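This report refers to the structure that appears directly beneath it.
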Number of protein chains: 4
Amino acid sequence: MKHEIDLSLYSIRTDLVIDTITQEQASLVTEKKTAYDAISVSEVNIDSKNSALLGKKEGKYITIKFEDVTDHVNRANLIEVVTQELRELLDYLHIAPSDKCFVVGLGNRNSTPDALGPKTLDQCFITKYLFDMEGAEVEPGIRNVSGFVPGVMGSTGIESSDVILGIVEKTRPDFILAIDALASSSMERLSKTIQMTDTGIHPGSGVGNSRKEISQATIGIPVIAIGIPMVVDLATIVSDTIHYFLRQMSYNKENYSKGSHKLTPVTARNYLKHQEHLSKEEKEKLLGMVGTLSEEAIKSLMFEVLTPIGFNMMVTPKEVDFVVDYLSEVLGKSINQSLHTKSLSN
Amino acid sequence: MKHEIDLSLYSIRTDLVIDTITQEQASLVTEKKTAYDAISVSEVNIDSKNSALLGKKEGKYITIKFEDVTDHVNRANLIEVVTQELRELLDYLHIAPSDKCFVVGLGNRNSTPDALGPKTLDQCFITKYLFDMEGAEVEPGIRNVSGFVPGVMGSTGIESSDVILGIVEKTRPDFILAIDALASSSMERLSKTIQMTDTGIHPGSGVGNSRKEISQATIGIPVIAIGIPMVVDLATIVSDTIHYFLRQMSYNKENYSKGSHKLTPVTARNYLKHQEHLSKEEKEKLLGMVGTLSEEAIKSLMFEVLTPIGFNMMVTPKEVDFVVDYLSEVLGKSINQSLHTKSLSN
Amino acid sequence: MKHEIDLSLYSIRTDLVIDTITQEQASLVTEKKTAYDAISVSEVNIDSKNSALLGKKEGKYITIKFEDVTDHVNRANLIEVVTQELRELLDYLHIAPSDKCFVVGLGNRNSTPDALGPKTLDQCFITKYLFDMEGAEVEPGIRNVSGFVPGVMGSTGIESSDVILGIVEKTRPDFILAIDALASSSMERLSKTIQMTDTGIHPGSGVGNSRKEISQATIGIPVIAIGIPMVVDLATIVSDTIHYFLRQMSYNKENYSKGSHKLTPVTARNYLKHQEHLSKEEKEKLLGMVGTLSEEAIKSLMFEVLTPIGFNMMVTPKEVDFVVDYLSEVLGKSINQSLHTKSLSN
Amino acid sequence: MKHEIDLSLYSIRTDLVIDTITQEQASLVTEKKTAYDAISVSEVNIDSKNSALLGKKEGKYITIKFEDVTDHVNRANLIEVVTQELRELLDYLHIAPSDKCFVVGLGNRNSTPDALGPKTLDQCFITKYLFDMEGAEVEPGIRNVSGFVPGVMGSTGIESSDVILGIVEKTRPDFILAIDALASSSMERLSKTIQMTDTGIHPGSGVGNSRKEISQATIGIPVIAIGIPMVVDLATIVSDTIHYFLRQMSYNKENYSKGSHKLTPVTARNYLKHQEHLSKEEKEKLLGMVGTLSEEAIKSLMFEVLTPIGFNMMVTPKEVDFVVDYLSEVLGKSINQSLHTKSLSN
């Protein structure tokens, strides 16, 4: 009975800002330097003007892209970068070392792709009770940190925002760090991007009408959201693939000169970074009417094909259990190293 | 790091009232009839006078004793009795079918003997979000039920009482049902007794000084606590065993006439119900100075022997995983059948 | 370290026979009647001639298709049908009620989409040790059943076939029932099809060269494999969607007469069952060169687009945790009711 | 149904040799030096003569005693000592670096105190499949290691020994390392002692008559058993406590001179190491007839008191979940460092 309920209430909460930025808006994005080739960091600052344009809340968005985290060297590098970015964000928000942090693990522990928040919280070093003990003195370098998993409506019947606000009122933290699994609007970023923002959260958004924003605007303390896309819908997969097909054809044409439209398999991996420049006619030849559509129109079309027959489902990589474990380790360790200056042995 | 913290904060929250009642106070206890030989129910009503005397809060205490729940027939019988008792308690507290219930699963999901509350909540039929949906109409016979696991200080840093109060203020239930694992003050009742009471809870009692009672007196709505003893300390085990030894000797003497003090093994199982009536001299002969002590004094003595060397630990039966699963099934099904009048298929 | 290994060894073991049958071979398929509209059963018998043609082993293949199993009525109906089919298959293989069954739960308990086998085994009623007890007499209607999870190479280092053969040699069962998660070669069947066959298993196929078949031919006892597709690759998703697009266009054209190629959203759900009959020219107009390709060629093309950039991943629905729980319940209960004639209370 | 079966089959497999050695036999025990005060190592070599006397199999028994492993420094020290002892045992048994190891995790993953073996195996670095890959070359310093959890009769219906022997015959390892949870015959050693021996294992001993020894004698390769006592029975707890009581009285008498038999609480922790030297009369005065009995006789008496009433249960500390996690980490890391000379990053 539980499960049937959970299924119907399972909802995806937000998308990556970086996916909503078009080529015309590229000037909004600042690329930052990192010490590692395989890790890139970009920053987007959305002001009130752009907010309406992009349909995204005002604030700072940090996007960290990375490759395979099943390799432990890659993981160590990523933890270093995420720690650095999170520290800078805390500074930017004028959060002092003595400010009390409340870490919120959003999502559903019992649904693997949605367990990122709860599993990250499991890795966090919780200290609030030490500060609350009478007469106890906590070592310098240790911040006052509490944490909570508000759960999902199907299990609790209660909106996450009510749980969070209720606890915030009782415990009065100075800022909130909320971890969540996101939906990806591109195949490429699935489980390979971390987004950090100071724009707050809307837990349970999508369920009914009762959106309750938790942000500096509504509760008066900074609310940092950290998310990783763990699921993607099929319309996105199909339209992305069509786009890759066109890029591959464009790459082939350029690299194999007279190879024209023969469907030669590409051995080079790097066509992924190739900028497609087929003419309208070439695209129509390859893909007919579909080839004349914009990327966005193709996605809408696929959405219209799949939705009426119930097939525009959200999917997750089959290795999701291991991926979630690795990513929650990355986030947990980065959060610990950012929040506490004293080095902690796990 | 988590674990080290958990260990130090692990605390046991309360004891069974029935264990604190002496033979002189037996008149406080009313035995109730049940349909099953293996299940007994007794009721204790503590008024302001007895409250001070027994060191127990004023209110009604229902104690349900049962045998092995690994047998599915026994379980079904027990569910029937617990459902009946819980329904009567709801009536006694004037709780209407339309009153909204908030089920709290106290304890630590990651510590098997302390996972009774969270695991019971997993079995509960949660409906609040159905009532909250705009335009939705919920079938008659279904009560508005929400539920929550407040977690333990070692994982959250936050006192359970703050979590509960915070959520209660946001969601305004009409009564609370709190499930918890208890400590047993007798070997016999370990995982074989359910206590229900209307006296409220003190989550996190024992941790620091900050006891925060959650009861009708403090928050204005009925707070029913349902507990099962899942652990017992070694001083109790030893003093109980000494008492059993004396009972066995008394039983032997009576049944084997002139068998005097020979240490004959007893084959009869039923000496457990035998009322010991050895003389002071007989006891001293068997157990020396220890034999002259009252039951309570023997327990204190053993406490003094075991505590300084760190051995007065709390223990749990080695089958605890299966026992907790069965008992949370019993409580969950009984709660569902008491709260909702419509029969629910799981 | 464990995880890195697991990822590299994760492999998908087999495909549904029904997906490999083309329209020309439709005569091989016999549709069977079921009591429920939402559940269909078909049977394919592959003889030595067809075996080479289809690249599938000789034997009987039962395919049960069904809809949503999150609904408990649907589940109960499905259990009824699967039980019936499994009983018939046991009869067909001349398996007697006294024949000893060895249930093998293939797959990886720690990877949700691959946990179907282990989780199904958890639901099976195991009895062998009762038969092995000296002097014990087992109730009539209870079959001698043992069961095992051989695990995955990444965790054990050992091939599943070695584990199974080693145990079979020591315990001498009369037949084997092996449960496994499969890869789907169509979106439609993902987690909505059960395949039962008497052709045996190839555990660990795909890993290295050491395919070790376990079948009646190799070990002399019947080996029934029961599988459910739990993952699908992206090339399949894309080519299926392109096919749905064409079907939708064909349906639109027929139903909205002069609607020609306008991209009207379809509101009717039932275009899924529509037989596409666009002309070559119409397809080329819609999809260019891609529209002129056969279904199989489109799939190959998408495979070639996605594979070099590492994106032809296997995915699973985001609700996979709940789906696996429901499906293992369905298989477990069906297996119990087929193997034992005495009705068992769980 | 599963659980009811598990409960009845749950069995404890063996006891610590060190607990069966009396003061008269103390010469059999060699104390070894360790770098840490809190960790002691002793070695017992049982020859054919002592074997009969002690009821223990011929062979070498290493006993490592330690204190609290919730502290991470203690854990690191213990891992160092266990690694050293295991390496010496491998040398003593002439096991070469190229010899293939098969690690067996005995016990029941679903029963926390019995999950030590399976959980230790989870920590072991498994490599066999790397050696089996065609053309692959494994780094020097990495041993060929496979591993398996044979499970329990209640879940599989199959005797562990059949599973182990079946796999051994198929995979031909050069030696076996078997990890198991033991029963303690003293309170003090509960979860604070590791025993390593070369005498083999009797998985499933206690179940029926079919003891099947797996040892060098029966299968021709060395079989090292590593065990930690995780449970203790109540008769042991009671008789140990009576013994502590006498020691405390003896200690009090000596330290507080004329303190006679007053029941003064002891504040000094160190009476645990005090050698009791009360006279027979003093003991009788304190404990009557019971005081005149030998330690062993007291234990038998308590066994006779508790068994007929079903109370001589096995118990485990209530923190068992955390304790098992820590101890399996200790064993897993020690095994990895002993088996492989190349240092491995987890």
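Identifiers in the structure tokens: chain A, B, ... in order shown; residue index from 1 per chain; ligand index from 1 in order shown.
Contacts from chain B to chain A at a cut-off of 7 Å (only C-alpha atoms) map to B:Met1, B:Ile126, B:Thr127, B:Lys128, B:Tyr129, B:Met133, B:Ser146, B:Gly147, B:Phe148, B:Met153, B:Ser155, B:Thr156, B:Gly157, B:Ile158, B:Asp162, B:Val163, B:Gly166, B:Ile167, B:Glu169, B:Lys170, B:Gly208, B:Asn346.
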### Message
Give me, as a VMD selection string, all polymer residues having an atom no more than 10 Å from Gln337 in chain C, counting only C-alpha atoms and skipping those fewer than 5 positions away in the same chain.
### Response
chain C and resid 79 to 80 82 to 84 86 to 87 124 to 125 331 to 332 342 to 344
Could you write those residues out with N, CA, C and O atoms, as a PDB file, in the first residue's frame?
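Okay, this is what ended up in out37.pdb:
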```
ATOM      1  N   ILE C  79      -0.490 -13.077 -10.570  1.00  0.00           N
ATOM      2  CA  ILE C  79       0.005 -14.244  -9.825  1.00  0.00           C
ATOM      3  C   ILE C  79      -0.784 -15.493 -10.245  1.00  0.00           C
ATOM      4  O   ILE C  79      -0.210 -16.567 -10.435  1.00  0.00           O
ATOM      5  N   GLU C  80      -2.089 -15.323 -10.417  1.00  0.00           N
ATOM      6  CA  GLU C  80      -2.927 -16.447 -10.841  1.00  0.00           C
ATOM      7  C   GLU C  80      -2.472 -16.997 -12.200  1.00  0.00           C
ATOM      8  O   GLU C  80      -2.317 -18.208 -12.384  1.00  0.00           O
ATOM      9  N   VAL C  82       0.499 -16.522 -13.789  1.00  0.00           N
ATOM     10  CA  VAL C  82       1.874 -17.047 -13.777  1.00  0.00           C
ATOM     11  C   VAL C  82       1.902 -18.426 -13.120  1.00  0.00           C
ATOM     12  O   VAL C  82       2.581 -19.343 -13.581  1.00  0.00           O
ATOM     13  N   THR C  83       1.151 -18.575 -12.026  1.00  0.00           N
ATOM     14  CA  THR C  83       1.083 -19.868 -11.352  1.00  0.00           C
ATOM     15  C   THR C  83       0.592 -20.944 -12.323  1.00  0.00           C
ATOM     16  O   THR C  83       1.175 -22.031 -12.423  1.00  0.00           O
ATOM     17  N   GLN C  84      -0.478 -20.628 -13.032  1.00  0.00           N
ATOM     18  CA  GLN C  84      -1.066 -21.565 -13.983  1.00  0.00           C
ATOM     19  C   GLN C  84      -0.049 -21.947 -15.071  1.00  0.00           C
ATOM     20  O   GLN C  84       0.141 -23.127 -15.383  1.00  0.00           O
ATOM     21  N   LEU C  86       3.213 -21.750 -14.991  1.00  0.00           N
ATOM     22  CA  LEU C  86       4.354 -22.480 -14.440  1.00  0.00           C
ATOM     23  C   LEU C  86       3.971 -23.934 -14.149  1.00  0.00           C
ATOM     24  O   LEU C  86       4.728 -24.869 -14.425  1.00  0.00           O
ATOM     25  N   ARG C  87       2.745 -24.124 -13.645  1.00  0.00           N
ATOM     26  CA  ARG C  87       2.264 -25.493 -13.397  1.00  0.00           C
ATOM     27  C   ARG C  87       2.229 -26.283 -14.701  1.00  0.00           C
ATOM     28  O   ARG C  87       2.639 -27.443 -14.755  1.00  0.00           O
ATOM     29  N   CYS C 124      10.615 -17.195  -1.573  1.00  0.00           N
ATOM     30  CA  CYS C 124      10.316 -18.618  -1.816  1.00  0.00           C
ATOM     31  C   CYS C 124      10.325 -19.419  -0.523  1.00  0.00           C
ATOM     32  O   CYS C 124      11.123 -19.184   0.374  1.00  0.00           O
ATOM     33  N   PHE C 125       9.433 -20.358  -0.482  1.00  0.00           N
ATOM     34  CA  PHE C 125       9.276 -21.226   0.681  1.00  0.00           C
ATOM     35  C   PHE C 125      10.282 -22.376   0.549  1.00  0.00           C
ATOM     36  O   PHE C 125      10.118 -23.258  -0.299  1.00  0.00           O
ATOM     37  N   LEU C 331       6.574 -13.128  -8.612  1.00  0.00           N
ATOM     38  CA  LEU C 331       7.273 -14.375  -8.951  1.00  0.00           C
ATOM     39  C   LEU C 331       7.326 -15.313  -7.746  1.00  0.00           C
ATOM     40  O   LEU C 331       7.081 -16.513  -7.869  1.00  0.00           O
ATOM     41  N   GLY C 332       7.668 -14.769  -6.594  1.00  0.00           N
ATOM     42  CA  GLY C 332       7.800 -15.609  -5.397  1.00  0.00           C
ATOM     43  C   GLY C 332       6.502 -16.337  -5.083  1.00  0.00           C
ATOM     44  O   GLY C 332       6.485 -17.549  -4.864  1.00  0.00           O
ATOM     45  N   LYS C 342       0.026 -27.772  -1.244  1.00  0.00           N
ATOM     46  CA  LYS C 342      -0.563 -27.318   0.014  1.00  0.00           C
ATOM     47  C   LYS C 342      -0.517 -25.792   0.027  1.00  0.00           C
ATOM     48  O   LYS C 342       0.503 -25.189  -0.292  1.00  0.00           O
ATOM     49  N   SER C 343      -1.631 -25.184   0.456  1.00  0.00           N
ATOM     50  CA  SER C 343      -1.617 -23.720   0.482  1.00  0.00           C
ATOM     51  C   SER C 343      -0.835 -23.240   1.699  1.00  0.00           C
ATOM     52  O   SER C 343      -0.938 -23.769   2.805  1.00  0.00           O
ATOM     53  N   LEU C 344      -0.007 -22.250   1.481  1.00  0.00           N
ATOM     54  CA  LEU C 344       0.929 -21.791   2.508  1.00  0.00           C
ATOM     55  C   LEU C 344       0.568 -20.392   2.970  1.00  0.00           C
ATOM     56  O   LEU C 344       0.319 -19.507   2.147  1.00  0.00           O
TER      57      LEU C 344
END
```
### Task
Write out as a ChimeraX atom specification all residues of range 91-303 of chain C that DSSP puts in strand (DSSP E or B) for this structure's backbone.
/C:101-105,145-148,175-184,193-197,201,214,223-233
### Task
Please provide the set of residues having any atom within 9 Å of Ser40 in chain C, restricted to only C-alpha atoms, with same-chain residues fewer than 3 positions apart removed, written as a count of residues only.
10
### Task
Would you mind listing what lies within 12 Å of Ile21 in chain A as a count of residues only, with only C-alpha atoms counted and same-chain residues fewer than 3 positions away left out?
22
### Task
Mind the document's chain letters and residue numbers, and return as number ranges by chain the residues of range 88-300 of chain B that DSSP labels alpha helix (DSSP H).
B: 88-92, 116-123, 128-132, 153-156, 160-171, 216-219, 234-255, 280-291, 295-300
#### Entry: Distance of CA of Leu272 in chain A from CA of Thr70 in chain A, expressed in Å to one decimal place
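Interatomic distance here is 21.5 Å.
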### Atomic separation - CA of Met302 in chain C relative to CA of Lys283 in chain C, Å
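About the pair CA of Lys283 in chain C and CA of Met302 in chain C: they are 17.6 Å apart.
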### Task
Give me the residues within 10 Å of His274 in chain A as an MDAnalysis selection string, counting only C-alpha atoms and dropping any in the same chain fewer than 5 places off.
chainID A and resid 244 247:248 250:251
Residues as selected, all heavy atoms, written as a PDB file, in the first residue's frame, can you do that?
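File out32.pdb, as written:
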```pdb
ATOM      1  N   TYR A 244      22.907  14.406 -31.577  1.00  0.00           N
ATOM      2  CA  TYR A 244      24.220  13.737 -31.703  1.00  0.00           C
ATOM      3  C   TYR A 244      24.398  13.160 -33.110  1.00  0.00           C
ATOM      4  O   TYR A 244      25.478  13.181 -33.680  1.00  0.00           O
ATOM      5  CB  TYR A 244      24.390  12.606 -30.681  1.00  0.00           C
ATOM      6  CG  TYR A 244      24.484  13.088 -29.265  1.00  0.00           C
ATOM      7  CD1 TYR A 244      23.793  12.435 -28.249  1.00  0.00           C
ATOM      8  CD2 TYR A 244      25.270  14.185 -28.927  1.00  0.00           C
ATOM      9  CE1 TYR A 244      23.870  12.869 -26.937  1.00  0.00           C
ATOM     10  CE2 TYR A 244      25.347  14.629 -27.614  1.00  0.00           C
ATOM     11  CZ  TYR A 244      24.639  13.964 -26.630  1.00  0.00           C
ATOM     12  OH  TYR A 244      24.725  14.397 -25.339  1.00  0.00           O
ATOM     13  N   ARG A 247      25.337  15.934 -35.355  1.00  0.00           N
ATOM     14  CA  ARG A 247      26.725  16.303 -35.096  1.00  0.00           C
ATOM     15  C   ARG A 247      27.685  15.287 -35.695  1.00  0.00           C
ATOM     16  O   ARG A 247      28.708  15.630 -36.268  1.00  0.00           O
ATOM     17  CB  ARG A 247      26.980  16.372 -33.576  1.00  0.00           C
ATOM     18  CG  ARG A 247      26.867  17.798 -33.067  1.00  0.00           C
ATOM     19  CD  ARG A 247      27.571  17.935 -31.762  1.00  0.00           C
ATOM     20  NE  ARG A 247      26.609  17.763 -30.669  1.00  0.00           N
ATOM     21  CZ  ARG A 247      26.933  17.842 -29.397  1.00  0.00           C
ATOM     22  NH1 ARG A 247      28.195  18.065 -29.039  1.00  0.00           N
ATOM     23  NH2 ARG A 247      26.028  17.704 -28.464  1.00  0.00           N
ATOM     24  N   GLN A 248      27.310  14.014 -35.544  1.00  0.00           N
ATOM     25  CA  GLN A 248      28.169  12.960 -36.080  1.00  0.00           C
ATOM     26  C   GLN A 248      28.264  13.070 -37.600  1.00  0.00           C
ATOM     27  O   GLN A 248      29.349  12.955 -38.171  1.00  0.00           O
ATOM     28  CB  GLN A 248      27.609  11.585 -35.683  1.00  0.00           C
ATOM     29  CG  GLN A 248      28.611  10.465 -35.877  1.00  0.00           C
ATOM     30  CD  GLN A 248      27.941   9.108 -35.760  1.00  0.00           C
ATOM     31  OE1 GLN A 248      26.936   8.861 -36.411  1.00  0.00           O
ATOM     32  NE2 GLN A 248      28.521   8.246 -34.943  1.00  0.00           N
ATOM     33  N   SER A 250      27.832  15.752 -39.381  1.00  0.00           N
ATOM     34  CA  SER A 250      28.609  16.959 -39.672  1.00  0.00           C
ATOM     35  C   SER A 250      30.100  16.676 -39.488  1.00  0.00           C
ATOM     36  O   SER A 250      30.934  17.038 -40.323  1.00  0.00           O
ATOM     37  CB  SER A 250      28.147  18.073 -38.721  1.00  0.00           C
ATOM     38  OG  SER A 250      29.032  19.159 -38.754  1.00  0.00           O
ATOM     39  N   TYR A 251      30.420  15.990 -38.446  1.00  0.00           N
ATOM     40  CA  TYR A 251      31.818  15.637 -38.148  1.00  0.00           C
ATOM     41  C   TYR A 251      32.373  14.722 -39.241  1.00  0.00           C
ATOM     42  O   TYR A 251      33.475  14.930 -39.748  1.00  0.00           O
ATOM     43  CB  TYR A 251      31.869  14.945 -36.788  1.00  0.00           C
ATOM     44  CG  TYR A 251      33.246  14.511 -36.342  1.00  0.00           C
ATOM     45  CD1 TYR A 251      34.071  15.384 -35.629  1.00  0.00           C
ATOM     46  CD2 TYR A 251      33.715  13.230 -36.617  1.00  0.00           C
ATOM     47  CE1 TYR A 251      35.332  14.988 -35.206  1.00  0.00           C
ATOM     48  CE2 TYR A 251      34.976  12.825 -36.194  1.00  0.00           C
ATOM     49  CZ  TYR A 251      35.781  13.700 -35.484  1.00  0.00           C
ATOM     50  OH  TYR A 251      37.024  13.306 -35.066  1.00  0.00           O
TER      51      TYR A 251
END
```
### Query
Which value, in Å to one decimal, gives the distance between CA of Glu58 in chain B and CA of Gly220 in chain B?
15.6 Å
